[in-house]
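**Student:** Supplied structure: target_7.tsv, TSV, C-alpha atoms.
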```tsv
chain	number	residue	atom	x	y	z
A	17	MET	CA	29.93	-134.64	118.79
A	18	THR	CA	26.32	-135.13	119.73
A	19	GLY	CA	24.07	-138.00	118.62
A	20	PHE	CA	22.24	-135.79	116.18
A	21	ASP	CA	25.44	-134.95	114.39
A	22	ILE	CA	26.32	-138.60	114.04
A	23	PHE	CA	22.84	-139.36	112.70
A	24	ALA	CA	23.10	-136.55	110.16
A	25	ILE	CA	26.49	-137.78	108.95
A	26	VAL	CA	25.23	-141.32	108.61
A	27	PHE	CA	22.10	-140.16	106.79
A	28	VAL	CA	24.08	-138.08	104.31
A	29	ALA	CA	26.47	-140.95	103.66
A	30	LEU	CA	23.53	-143.29	103.13
A	31	VAL	CA	21.96	-140.90	100.66
A	32	ILE	CA	25.22	-140.63	98.73
A	33	LEU	CA	25.67	-144.38	98.64
A	34	THR	CA	22.06	-144.80	97.49
A	35	LEU	CA	22.54	-142.36	94.66
A	36	LEU	CA	25.74	-144.05	93.61
A	37	ALA	CA	24.06	-147.42	93.73
A	38	GLY	CA	21.25	-146.22	91.47
A	39	VAL	CA	23.54	-144.80	88.75
A	40	LYS	CA	25.14	-147.31	86.39
A	41	THR	CA	27.52	-146.51	83.52
A	42	VAL	CA	27.64	-149.28	80.88
A	43	PRO	CA	30.76	-149.26	78.59
A	44	GLN	CA	30.46	-149.42	74.83
A	45	GLY	CA	30.22	-152.94	73.46
A	46	TYR	CA	28.52	-154.40	76.50
A	47	ASP	CA	24.94	-154.96	77.68
A	48	TRP	CA	24.05	-155.48	81.33
A	49	THR	CA	21.05	-157.41	82.52
A	50	ILE	CA	19.10	-156.11	85.53
A	51	GLU	CA	17.53	-158.50	88.05
A	52	ARG	CA	14.90	-157.50	90.61
A	53	PHE	CA	14.79	-159.88	93.53
A	54	GLY	CA	16.62	-162.45	91.30
A	55	LYS	CA	14.32	-162.09	88.28
A	56	TYR	CA	15.35	-160.56	84.99
A	57	THR	CA	13.60	-157.28	84.32
A	58	ARG	CA	15.47	-155.34	81.61
A	59	THR	CA	18.77	-154.76	79.83
A	60	LEU	CA	20.96	-151.72	80.20
A	61	ASP	CA	22.42	-150.27	76.99
A	62	PRO	CA	25.85	-148.60	76.81
A	63	GLY	CA	25.91	-145.20	78.54
A	64	LEU	CA	24.47	-143.74	81.75
A	65	ASN	CA	21.54	-145.68	83.25
A	66	LEU	CA	19.49	-145.48	86.47
A	67	ILE	CA	18.21	-148.39	88.53
A	68	VAL	CA	16.31	-148.74	91.80
A	69	PRO	CA	18.85	-149.07	94.57
A	70	TYR	CA	18.71	-152.05	96.89
A	71	ILE	CA	15.96	-153.61	94.75
A	72	ASP	CA	17.55	-153.93	91.30
A	73	ARG	CA	21.00	-155.31	90.72
A	74	VAL	CA	23.22	-156.09	87.73
A	75	GLY	CA	22.85	-159.72	86.72
A	76	ARG	CA	25.19	-160.47	83.73
A	77	LYS	CA	27.58	-158.27	81.84
A	78	MET	CA	27.45	-159.59	78.26
A	79	ASN	CA	30.05	-158.75	75.64
A	80	MET	CA	28.15	-157.75	72.49
A	81	MET	CA	31.22	-157.58	70.23
A	82	GLU	CA	32.21	-160.37	67.84
A	83	GLN	CA	34.22	-163.01	69.65
A	84	VAL	CA	36.36	-165.95	68.62
A	85	ILE	CA	36.54	-169.41	70.15
A	86	ASP	CA	39.22	-171.99	69.39
A	87	ILE	CA	37.87	-175.44	68.62
A	88	PRO	CA	40.21	-178.06	70.13
A	89	LYS	CA	41.82	-180.71	67.96
A	90	GLN	CA	39.95	-183.99	67.70
A	91	GLU	CA	40.14	-187.25	65.77
A	92	VAL	CA	37.59	-187.69	62.99
A	93	ILE	CA	36.91	-190.89	61.03
A	94	THR	CA	35.92	-190.22	57.42
A	95	LYS	CA	33.49	-192.18	55.29
A	96	ASP	CA	36.29	-194.36	53.88
A	97	ASN	CA	37.60	-195.17	57.41
A	98	ALA	CA	40.55	-192.77	57.36
A	99	THR	CA	41.41	-191.06	60.64
A	100	VAL	CA	42.37	-187.39	60.53
A	101	SER	CA	43.07	-184.78	63.19
A	102	VAL	CA	40.98	-181.62	62.84
A	103	ASP	CA	40.83	-178.33	64.68
A	104	GLY	CA	39.12	-175.04	63.91
A	105	VAL	CA	37.93	-171.65	65.02
A	106	ALA	CA	34.45	-170.13	65.39
A	107	PHE	CA	33.38	-166.46	65.28
A	108	TYR	CA	30.14	-165.52	66.98
A	109	GLN	CA	28.33	-162.44	68.26
A	110	VAL	CA	25.64	-161.98	70.95
A	111	PHE	CA	22.61	-160.04	69.75
A	112	ASP	CA	20.30	-160.75	72.74
A	113	ALA	CA	21.97	-160.40	76.14
A	114	ALA	CA	19.01	-161.80	78.06
A	115	LYS	CA	18.83	-165.04	76.06
A	116	ALA	CA	22.60	-165.48	76.11
A	117	SER	CA	22.54	-165.02	79.88
A	118	TYR	CA	19.56	-167.14	80.88
A	119	GLU	CA	18.96	-169.66	78.07
A	120	VAL	CA	22.28	-171.53	78.40
A	121	ALA	CA	24.40	-172.13	81.46
A	122	ASN	CA	27.91	-172.04	79.92
A	123	LEU	CA	27.85	-170.22	76.64
A	124	HIS	CA	31.44	-170.85	75.51
A	125	GLN	CA	31.41	-174.52	76.42
A	126	ALA	CA	28.10	-175.00	74.65
A	127	ILE	CA	29.41	-173.44	71.42
A	128	VAL	CA	32.62	-175.52	71.49
A	129	THR	CA	30.80	-178.78	72.14
A	130	LEU	CA	28.18	-178.11	69.48
A	131	THR	CA	30.83	-177.22	66.89
A	132	MET	CA	32.99	-180.29	67.61
A	133	THR	CA	29.97	-182.57	67.33
A	134	ASN	CA	28.96	-181.14	63.98
A	135	ILE	CA	32.54	-181.37	62.68
A	136	ARG	CA	32.47	-185.12	63.31
A	137	SER	CA	29.06	-185.40	61.67
A	138	VAL	CA	29.90	-183.39	58.55
A	139	MET	CA	33.39	-184.78	57.92
A	140	GLY	CA	32.34	-188.30	58.79
A	141	SER	CA	29.95	-188.30	55.84
A	142	MET	CA	32.73	-187.42	53.35
A	143	ASP	CA	35.61	-189.34	51.82
A	144	LEU	CA	39.20	-188.40	52.65
A	145	ASP	CA	39.76	-186.79	49.26
A	146	GLN	CA	36.64	-184.67	49.75
A	147	VAL	CA	37.72	-183.71	53.26
A	148	LEU	CA	41.11	-182.54	52.01
A	149	SER	CA	39.89	-180.74	48.89
A	150	HIS	CA	36.45	-179.38	49.88
A	151	ARG	CA	37.28	-177.33	52.95
A	152	ASP	CA	35.02	-174.47	51.86
A	153	GLU	CA	32.08	-176.85	51.61
A	154	ILE	CA	32.82	-178.17	55.11
A	155	ASN	CA	32.94	-174.64	56.54
A	156	GLU	CA	29.67	-173.73	54.87
A	157	ARG	CA	27.85	-176.81	56.13
A	158	LEU	CA	29.20	-176.33	59.65
A	159	LEU	CA	28.15	-172.68	59.70
A	160	ARG	CA	24.64	-173.48	58.55
A	161	VAL	CA	24.09	-176.22	61.15
A	162	VAL	CA	25.74	-174.52	64.14
A	163	ASP	CA	24.10	-171.14	63.48
A	164	ALA	CA	20.68	-172.74	63.40
A	165	ALA	CA	21.44	-174.57	66.66
A	166	VAL	CA	22.63	-171.51	68.64
A	167	SER	CA	19.89	-169.16	67.42
A	168	PRO	CA	17.64	-169.79	70.50
A	169	TRP	CA	20.55	-168.64	72.69
A	170	GLY	CA	20.53	-165.13	71.21
A	171	LEU	CA	23.74	-165.74	69.24
A	172	LYS	CA	24.79	-165.33	65.63
A	173	VAL	CA	27.63	-167.50	64.37
A	174	ASN	CA	29.33	-165.51	61.61
A	175	ARG	CA	32.08	-167.88	60.49
A	176	ILE	CA	33.46	-171.32	61.22
A	177	GLU	CA	36.87	-172.13	59.75
A	178	ILE	CA	38.73	-175.44	59.76
A	179	LYS	CA	42.31	-174.53	60.61
A	180	ASP	CA	44.16	-177.76	60.06
A	181	ILE	CA	43.46	-181.28	58.76
A	182	VAL	CA	46.26	-183.74	59.50
A	183	PRO	CA	46.06	-187.28	58.08
A	184	PRO	CA	48.21	-190.09	59.55
A	185	ALA	CA	51.89	-190.24	58.54
A	186	ASP	CA	51.59	-193.47	56.52
A	187	LEU	CA	48.60	-192.04	54.69
A	188	VAL	CA	50.55	-188.88	53.88
A	189	GLN	CA	53.37	-190.99	52.42
A	190	ALA	CA	50.90	-192.97	50.31
A	191	MET	CA	49.35	-189.74	49.07
A	192	GLY	CA	52.81	-188.45	48.17
A	193	ARG	CA	53.55	-191.56	46.12
A	194	GLN	CA	50.18	-191.27	44.42
A	195	MET	CA	50.78	-187.62	43.60
A	196	LYS	CA	54.24	-188.44	42.22
A	197	ALA	CA	52.85	-191.21	40.03
A	198	GLU	CA	50.08	-188.93	38.79
A	199	ARG	CA	52.56	-186.18	37.90
A	200	GLU	CA	54.82	-188.64	36.10
A	201	LYS	CA	51.81	-189.89	34.18
A	202	ARG	CA	50.87	-186.35	33.13
A	203	ALA	CA	54.48	-185.67	32.14
A	204	ASP	CA	54.55	-188.80	29.95
A	205	ILE	CA	51.24	-187.84	28.37
A	206	LEU	CA	52.48	-184.32	27.64
A	207	GLN	CA	55.72	-185.67	26.18
A	208	ALA	CA	53.85	-188.12	23.96
A	209	GLU	CA	51.49	-185.36	22.88
A	210	GLY	CA	54.46	-183.16	22.01
A	211	GLN	CA	56.07	-185.92	19.98
A	212	ARG	CA	52.79	-186.52	18.16
A	213	GLN	CA	52.43	-182.84	17.34
A	214	SER	CA	56.04	-182.72	16.18
A	215	ALA	CA	55.52	-185.72	13.90
A	216	ILE	CA	52.34	-184.18	12.49
A	217	LEU	CA	54.09	-180.89	11.79
A	218	LYS	CA	57.04	-182.65	10.15
A	219	ALA	CA	54.72	-184.72	7.97
A	220	GLU	CA	52.77	-181.60	7.07
A	221	GLY	CA	56.01	-179.84	6.16
A	222	GLN	CA	57.16	-182.73	4.00
A	223	LYS	CA	53.76	-182.81	2.33
A	224	GLN	CA	53.92	-179.10	1.53
A	225	SER	CA	57.49	-179.49	0.30
A	226	GLN	CA	56.52	-182.33	-2.01
A	227	ILE	CA	53.53	-180.36	-3.27
A	228	LEU	CA	55.69	-177.32	-4.01
A	229	GLU	CA	58.34	-179.50	-5.62
A	230	ALA	CA	55.72	-181.20	-7.80
A	231	GLU	CA	54.29	-177.83	-8.77
A	232	GLY	CA	57.79	-176.66	-9.64
A	233	ARG	CA	58.41	-179.71	-11.82
A	234	LYS	CA	55.03	-179.18	-13.44
A	235	GLU	CA	55.82	-175.53	-14.18
A	236	ALA	CA	59.29	-176.44	-15.48
A	237	ALA	CA	57.85	-179.16	-17.70
A	238	PHE	CA	55.27	-176.71	-18.98
A	239	ARG	CA	57.98	-174.16	-19.72
A	240	ASP	CA	60.16	-176.80	-21.42
A	241	ALA	CA	57.25	-177.97	-23.53
A	242	GLU	CA	56.46	-174.39	-24.47
A	243	ALA	CA	60.09	-173.78	-25.41
A	244	ARG	CA	60.23	-176.97	-27.50
A	245	GLU	CA	56.95	-176.01	-29.12
A	246	ARG	CA	58.28	-172.59	-30.05
A	247	SER	CA	61.56	-174.12	-31.25
A	248	ALA	CA	59.62	-176.58	-33.36
A	249	GLU	CA	57.50	-173.77	-34.75
A	250	ALA	CA	60.64	-171.81	-35.65
A	251	GLU	CA	62.18	-174.91	-37.25
A	252	ALA	CA	59.01	-175.55	-39.18
A	253	GLN	CA	58.91	-171.92	-40.27
A	254	ALA	CA	62.55	-172.11	-41.43
A	255	THR	CA	61.93	-175.37	-43.24
A	256	ARG	CA	58.86	-173.95	-44.91
A	257	MET	CA	60.77	-170.89	-46.06
A	258	VAL	CA	63.57	-173.05	-47.44
A	259	SER	CA	61.03	-175.25	-49.18
A	260	GLU	CA	59.38	-172.25	-50.74
A	261	ALA	CA	62.80	-170.94	-51.86
A	262	ILE	CA	63.65	-174.31	-53.45
A	263	ALA	CA	60.28	-174.41	-55.14
A	264	LYS	CA	61.11	-171.06	-56.67
A	265	GLY	CA	64.46	-172.40	-57.92
A	266	ASP	CA	66.72	-170.82	-55.30
A	267	VAL	CA	69.23	-173.61	-54.52
A	268	ALA	CA	71.43	-171.31	-52.47
A	269	SER	CA	68.85	-171.27	-49.68
A	270	LEU	CA	69.12	-175.04	-49.40
A	271	ASN	CA	72.91	-174.77	-49.23
A	272	TYR	CA	72.65	-172.19	-46.47
A	273	PHE	CA	70.22	-174.34	-44.48
A	274	ILE	CA	72.45	-177.42	-44.76
A	275	ALA	CA	75.59	-175.48	-43.90
A	276	ASP	CA	73.95	-174.00	-40.80
A	277	LYS	CA	72.89	-177.45	-39.56
A	278	TYR	CA	76.33	-178.79	-40.44
A	279	ILE	CA	78.15	-176.16	-38.41
A	280	LYS	CA	75.79	-176.49	-35.40
A	281	ALA	CA	76.29	-180.26	-35.38
A	282	PHE	CA	80.06	-179.90	-35.23
A	283	GLY	CA	79.74	-177.25	-32.53
A	284	GLN	CA	77.70	-179.61	-30.36
A	285	LEU	CA	80.17	-182.39	-31.00
A	286	ALA	CA	83.06	-180.17	-29.92
A	287	ASN	CA	81.23	-179.11	-26.72
A	288	SER	CA	80.50	-182.70	-25.66
A	289	PRO	CA	81.91	-183.35	-22.13
A	290	ASN	CA	82.82	-186.95	-23.01
A	291	GLN	CA	85.30	-186.04	-25.75
A	292	LYS	CA	88.24	-183.71	-25.48
A	293	VAL	CA	89.88	-184.17	-28.92
A	294	VAL	CA	87.90	-184.57	-32.16
A	295	MET	CA	89.69	-185.79	-35.33
A	296	LEU	CA	87.40	-186.14	-38.33
A	297	PRO	CA	88.15	-185.79	-42.07
A	298	ILE	CA	86.35	-182.74	-43.42
A	299	GLU	CA	86.41	-181.99	-47.12
A	300	ALA	CA	87.17	-178.36	-47.78
A	301	THR	CA	85.18	-178.35	-51.00
A	302	SER	CA	81.97	-179.24	-49.15
A	303	MET	CA	82.48	-176.36	-46.78
A	304	LEU	CA	83.28	-174.06	-49.71
A	305	ALA	CA	80.12	-175.10	-51.46
A	306	SER	CA	78.12	-174.33	-48.35
A	307	LEU	CA	79.82	-170.97	-47.96
A	308	ALA	CA	79.21	-170.26	-51.63
A	309	GLY	CA	75.52	-170.81	-51.00
A	310	ILE	CA	75.71	-168.32	-48.15
A	311	GLY	CA	77.41	-165.84	-50.46
A	312	GLU	CA	74.68	-166.20	-53.06
A	313	ILE	CA	72.03	-165.55	-50.46
A	314	ALA	CA	73.85	-162.49	-49.20
A	315	LYS	CA	74.25	-161.23	-52.78
A	316	ALA	CA	70.58	-161.66	-53.49
A	317	THR	CA	69.63	-159.95	-50.29
A	318	PHE	CA	72.08	-157.15	-49.73
A	319	GLY	CA	73.57	-156.56	-53.20
A	320	GLU	CA	76.97	-156.91	-54.83
A	321	SER	CA	78.91	-155.25	-52.00
A	322	ALA	CA	77.70	-157.73	-49.45
A	323	ALA	CA	78.45	-160.60	-51.82
A	324	ALA	CA	81.97	-159.32	-52.35
A	325	ALA	CA	82.48	-159.05	-48.62
A	326	ALA	CA	81.26	-162.61	-48.17
A	327	VAL	CA	83.68	-163.88	-50.88
A	328	ALA	CA	86.55	-162.01	-49.26
A	329	THR	CA	85.68	-163.51	-45.95
A	330	ARG	CA	85.54	-166.95	-47.51
A	331	ARG	CA	88.95	-166.54	-49.13
A	332	GLY	CA	90.50	-165.30	-45.94
A	333	ALA	CA	89.00	-168.11	-43.84
A	334	VAL	CA	89.56	-171.13	-46.16
A	335	PRO	CA	92.63	-171.35	-48.44
A	336	ASN	CA	92.14	-172.43	-52.07
A	337	ALA	CA	92.94	-176.06	-52.67
A	338	GLY	CA	94.54	-175.40	-56.06
A	339	ALA	CA	96.66	-172.36	-55.02
A	340	PRO	CA	100.24	-172.96	-54.08
A	341	VAL	CA	101.19	-172.56	-50.48
A	342	PRO	CA	104.02	-170.08	-49.97
A	343	PRO	CA	107.09	-171.58	-48.38
A	344	PRO	CA	108.01	-170.60	-44.88
A	345	PRO	CA	110.69	-167.95	-44.51
A	346	GLN	CA	114.22	-169.27	-44.20
A	347	SER	CA	116.32	-168.31	-41.31
A	348	GLN	CA	119.51	-166.34	-41.94
A	349	ARG	CA	122.71	-167.96	-40.96
```
Turn this file's structure into structure tokens for me.
**Tutor:**
Amino acid sequence: MTGFDIFAIVFVALVILTLLAGVKTVPQGYDWTIERFGKYTRTLDPGLNLIVPYIDRVGRKMNMMEQVIDIPKQEVITKDNATVSVDGVAFYQVFDAAKASYEVANLHQAIVTLTMTNIRSVMGSMDLDQVLSHRDEINERLLRVVDAAVSPWGLKVNRIEIKDIVPPADLVQAMGRQMKAEREKRADILQAEGQRQSAILKAEGQKQSQILEAEGRKEAAFRDAEARERSAEAEAQATRMVSEAIAKGDVASLNYFIADKYIKAFGQLANSPNQKVVMLPIEATSMLASLAGIGEIAKATFGESAAAAAVATRRGAVPNAGAPVPPPPQSQR
């Protein structure tokens, strides 16, 4: 092989290497910075790109996708001097590869340090109860402060989340006792409220029962008074009719009126629950006179046939005082 052949081979190889050095393929999700003699010139986007060989070179390969950084656990003293252990996580994304490459030396370390510092500042200005119950507020305040701080670095902090807040063991026990006492207090209040409602409902029920009972007694009294009034009106009407009959000379009406009262009185006496046997002398002639008055009234009203039927009834019901009583039949021996 002659010297010319060797030169040609070397020249071709150099040309190939030069072409390869000037062609750069950037993967999706990344931006590459280009430096010319150590100075930043431009940024290569994803895809096929050309640079000047031996003059330009790739400076930084920045990941433009959203990334996550764990915030280490640290001790934080709250406003009421309670010590808690806190850790978290931060989500950020690079939107300017040049600034992220040349404005800060160690991007990840800068974000972690800045976030930890602001966690101490934000949580240190809050009481323990606020720290434990207002986690969303803490995340929002941290995001606002840290995002404003990293903006000159070409970054965008999307979220900052507090993962865990751990108070001391003795403080956790005290909080447990407090929670237990609070729950027992609420249970006692609910029980007392239930008893109060039950007593109110019972009293309301008794009130309604008494009202209904009083209304019932009122209605019954009204009905009784109405019945007595009607009975008195009927009695007055009967008395008036008897009085008119007597004024006209009809004595039989008086006899009928007295006999009716007489019989009703003995019926009530017989139905009395305090007496089982009644033994009183009753004159048969008085009863006959009363029945005779009834017969006269029937005769005047319905005619002779009704009067005869009344006399027959009287004879069959009451035996004559002057008539002999037939002897009882003798038994045959």
**Student:** How close does each residue of region 90-137 of chain A get to region 51-59 of chain A, giving the shortest atom pair and distance in Å to one decimal for every residue with an atom at most 10 Å away, counting all atoms listed in the file, sorted by chain and residue number, as JSON lines?
**Tutor:**
```
{"residue": "A:Asp112", "atom": "CA", "partner": "A:Thr59", "partner_atom": "CA", "distance": 9.4}
{"residue": "A:Ala113", "atom": "CA", "partner": "A:Thr59", "partner_atom": "CA", "distance": 7.5}
{"residue": "A:Ala114", "atom": "CA", "partner": "A:Thr59", "partner_atom": "CA", "distance": 7.3}
{"residue": "A:Ser117", "atom": "CA", "partner": "A:Tyr56", "partner_atom": "CA", "distance": 9.9}
{"residue": "A:Tyr118", "atom": "CA", "partner": "A:Tyr56", "partner_atom": "CA", "distance": 8.8}
```
**Student:** Keeping C-alpha atoms, export the residues of the selection given above as a compact mmCIF listing (two decimals), keeping the file's coordinate frame.
**Tutor:**
```txt
# COMPACT_ATOMS: atom_id res chain seq x y z
CA ASP A 112 20.30 -160.75 72.74
CA ALA A 113 21.97 -160.40 76.14
CA ALA A 114 19.01 -161.80 78.06
CA SER A 117 22.54 -165.02 79.88
CA TYR A 118 19.56 -167.14 80.88
```
**Student:** Give me, as a list in words, all polymer residues having an atom no more than 12 Å from Arg151 (chain A), counting all atoms listed in the file and skipping those fewer than 4 positions away in the same chain.
**Tutor:**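 The residues satisfying every condition are Val102, Gly104, Ile135, Val138, Met139, Met142, Leu144, Asp145, Gln146, Val147, Asn155, Glu156, Arg157, Leu158, Ile176, Glu177, Ile178, Lys179, Asp180 and Ile181 of chain A.
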**Student:** May I have the protein, DNA and RNA residues with any atom at most 6 Å from the point (17.0, -153.3, 88.3), counting only C-alpha atoms, written as a list in words?
**Tutor:**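 Those residues, ordered by chain and then number, are Ile50, Glu51, Arg52, Ile67, Val68, Asp72 and Arg73 of chain A.
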**Student:** Which value, in Å to one decimal, gives the distance between CA of Gln90 (chain A) and CA of Asn134 (chain A)?
**Tutor:**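 Going from CA of Gln90 (chain A) over to CA of Asn134 (chain A), I get 11.9 Å.
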**Student:** Provide the CA of Leu130 (chain A) to CA of Ile85 (chain A) distance in Å, to one decimal place.
**Tutor:** 12.1 Å
**Student:** May I have the residues within 10 Å of Ala98 (chain A) as a compact mmCIF listing (two decimals) with C-alpha atoms, keeping the file's coordinate frame, using only C-alpha atoms and disregarding those fewer than 5 positions away in the same chain?
**Tutor:**
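Saved to out_31.txt:
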```txt
# COMPACT_ATOMS: atom_id res chain seq x y z
CA VAL A 92 37.59 -187.69 62.99
CA ILE A 93 36.91 -190.89 61.03
CA GLY A 140 32.34 -188.30 58.79
CA ASP A 143 35.61 -189.34 51.82
CA LEU A 144 39.20 -188.40 52.65
CA PRO A 183 46.06 -187.28 58.08
CA PRO A 184 48.21 -190.09 59.55
CA LEU A 187 48.60 -192.04 54.69
```
**Student:** What would the list of residues within 6 Å of (32.2, -160.3, 66.4) (file frame) look like as a ChimeraX atom specification, if only C-alpha atoms are what count?
**Tutor:** /A:81-83,108-109
**Student:** Please list as a ChimeraX atom specification every residue within 12 Å of region 35-43 of chain A, counting only C-alpha atoms and excluding residues in the same chain fewer than 3 positions away.
**Tutor:** /A:28-32,46-50,59-74,76-81
**Student:** In Å, with one decimal, what is the gap from CA of Ile87 (chain A) to CA of His150 (chain A)?
**Tutor:**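 Atom-to-atom, CA of Ile87 (chain A) to CA of His150 (chain A), that is 19.2 Å.
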**Student:** Ranking A:Met191, A:Ala208, A:Ala116, A:Leu148 by minimum distance to Trp169 (chain A) and counting all atoms listed in the file, which one comes first?
**Tutor:** A:Ala116
**Student:** Supply region 20-27 of chain A as a PDB file, keeping the file's coordinate frame, with all heavy atoms built in where the input has gaps.
**Tutor:**
```
ATOM      1  N   PHE A  20      22.879-136.312 117.388  1.00  0.00           N
ATOM      2  CA  PHE A  20      22.240-135.790 116.180  1.00  0.00           C
ATOM      3  C   PHE A  20      23.232-135.603 115.050  1.00  0.00           C
ATOM      4  O   PHE A  20      22.943-135.872 113.892  1.00  0.00           O
ATOM      5  CB  PHE A  20      21.542-134.462 116.520  1.00  0.00           C
ATOM      6  CG  PHE A  20      20.875-133.824 115.344  1.00  0.00           C
ATOM      7  CD1 PHE A  20      19.639-134.295 114.900  1.00  0.00           C
ATOM      8  CD2 PHE A  20      21.499-132.766 114.668  1.00  0.00           C
ATOM      9  CE1 PHE A  20      19.039-133.697 113.803  1.00  0.00           C
ATOM     10  CE2 PHE A  20      20.891-132.184 113.569  1.00  0.00           C
ATOM     11  CZ  PHE A  20      19.670-132.633 113.108  1.00  0.00           C
ATOM     12  N   ASP A  21      24.410-135.139 115.424  1.00  0.00           N
ATOM     13  CA  ASP A  21      25.440-134.950 114.390  1.00  0.00           C
ATOM     14  C   ASP A  21      25.823-136.279 113.756  1.00  0.00           C
ATOM     15  O   ASP A  21      26.011-136.383 112.539  1.00  0.00           O
ATOM     16  CB  ASP A  21      26.661-134.272 115.010  1.00  0.00           C
ATOM     17  CG  ASP A  21      26.351-132.850 115.481  1.00  0.00           C
ATOM     18  OD1 ASP A  21      25.398-132.251 114.904  1.00  0.00           O
ATOM     19  OD2 ASP A  21      27.053-132.364 116.363  1.00  0.00           O
ATOM     20  N   ILE A  22      25.952-137.278 114.579  1.00  0.00           N
ATOM     21  CA  ILE A  22      26.320-138.600 114.040  1.00  0.00           C
ATOM     22  C   ILE A  22      25.228-139.106 113.117  1.00  0.00           C
ATOM     23  O   ILE A  22      25.481-139.656 112.036  1.00  0.00           O
ATOM     24  CB  ILE A  22      26.584-139.570 115.195  1.00  0.00           C
ATOM     25  CG1 ILE A  22      27.795-139.101 116.011  1.00  0.00           C
ATOM     26  CG2 ILE A  22      26.805-140.979 114.649  1.00  0.00           C
ATOM     27  CD1 ILE A  22      28.052-139.914 117.261  1.00  0.00           C
ATOM     28  N   PHE A  23      23.959-138.918 113.539  1.00  0.00           N
ATOM     29  CA  PHE A  23      22.840-139.360 112.700  1.00  0.00           C
ATOM     30  C   PHE A  23      22.832-138.619 111.368  1.00  0.00           C
ATOM     31  O   PHE A  23      22.581-139.201 110.304  1.00  0.00           O
ATOM     32  CB  PHE A  23      21.529-139.139 113.449  1.00  0.00           C
ATOM     33  CG  PHE A  23      20.324-139.459 112.634  1.00  0.00           C
ATOM     34  CD1 PHE A  23      19.933-140.783 112.434  1.00  0.00           C
ATOM     35  CD2 PHE A  23      19.568-138.429 112.073  1.00  0.00           C
ATOM     36  CE1 PHE A  23      18.811-141.060 111.673  1.00  0.00           C
ATOM     37  CE2 PHE A  23      18.456-138.726 111.302  1.00  0.00           C
ATOM     38  CZ  PHE A  23      18.059-140.043 111.103  1.00  0.00           C
ATOM     39  N   ALA A  24      23.096-137.338 111.406  1.00  0.00           N
ATOM     40  CA  ALA A  24      23.100-136.550 110.160  1.00  0.00           C
ATOM     41  C   ALA A  24      24.197-137.027 109.224  1.00  0.00           C
ATOM     42  O   ALA A  24      24.004-137.147 108.009  1.00  0.00           O
ATOM     43  CB  ALA A  24      23.270-135.066 110.487  1.00  0.00           C
ATOM     44  N   ILE A  25      25.367-137.315 109.799  1.00  0.00           N
ATOM     45  CA  ILE A  25      26.490-137.780 108.950  1.00  0.00           C
ATOM     46  C   ILE A  25      26.143-139.125 108.314  1.00  0.00           C
ATOM     47  O   ILE A  25      26.367-139.354 107.122  1.00  0.00           O
ATOM     48  CB  ILE A  25      27.772-137.852 109.784  1.00  0.00           C
ATOM     49  CG1 ILE A  25      28.211-136.445 110.199  1.00  0.00           C
ATOM     50  CG2 ILE A  25      28.874-138.546 108.987  1.00  0.00           C
ATOM     51  CD1 ILE A  25      29.371-136.428 111.168  1.00  0.00           C
ATOM     52  N   VAL A  26      25.581-139.999 109.130  1.00  0.00           N
ATOM     53  CA  VAL A  26      25.230-141.320 108.610  1.00  0.00           C
ATOM     54  C   VAL A  26      24.156-141.208 107.545  1.00  0.00           C
ATOM     55  O   VAL A  26      24.172-141.889 106.506  1.00  0.00           O
ATOM     56  CB  VAL A  26      24.774-142.235 109.759  1.00  0.00           C
ATOM     57  CG1 VAL A  26      24.224-143.545 109.215  1.00  0.00           C
ATOM     58  CG2 VAL A  26      25.935-142.499 110.705  1.00  0.00           C
ATOM     59  N   PHE A  27      23.192-140.327 107.756  1.00  0.00           N
ATOM     60  CA  PHE A  27      22.100-140.160 106.790  1.00  0.00           C
ATOM     61  C   PHE A  27      22.637-139.626 105.459  1.00  0.00           C
ATOM     62  O   PHE A  27      22.254-140.089 104.379  1.00  0.00           O
ATOM     63  CB  PHE A  27      21.051-139.205 107.380  1.00  0.00           C
ATOM     64  CG  PHE A  27      19.898-138.969 106.468  1.00  0.00           C
ATOM     65  CD1 PHE A  27      18.894-139.928 106.333  1.00  0.00           C
ATOM     66  CD2 PHE A  27      19.809-137.777 105.743  1.00  0.00           C
ATOM     67  CE1 PHE A  27      17.838-139.697 105.476  1.00  0.00           C
ATOM     68  CE2 PHE A  27      18.747-137.557 104.894  1.00  0.00           C
ATOM     69  CZ  PHE A  27      17.750-138.508 104.744  1.00  0.00           C
TER      70      PHE A  27
END
```
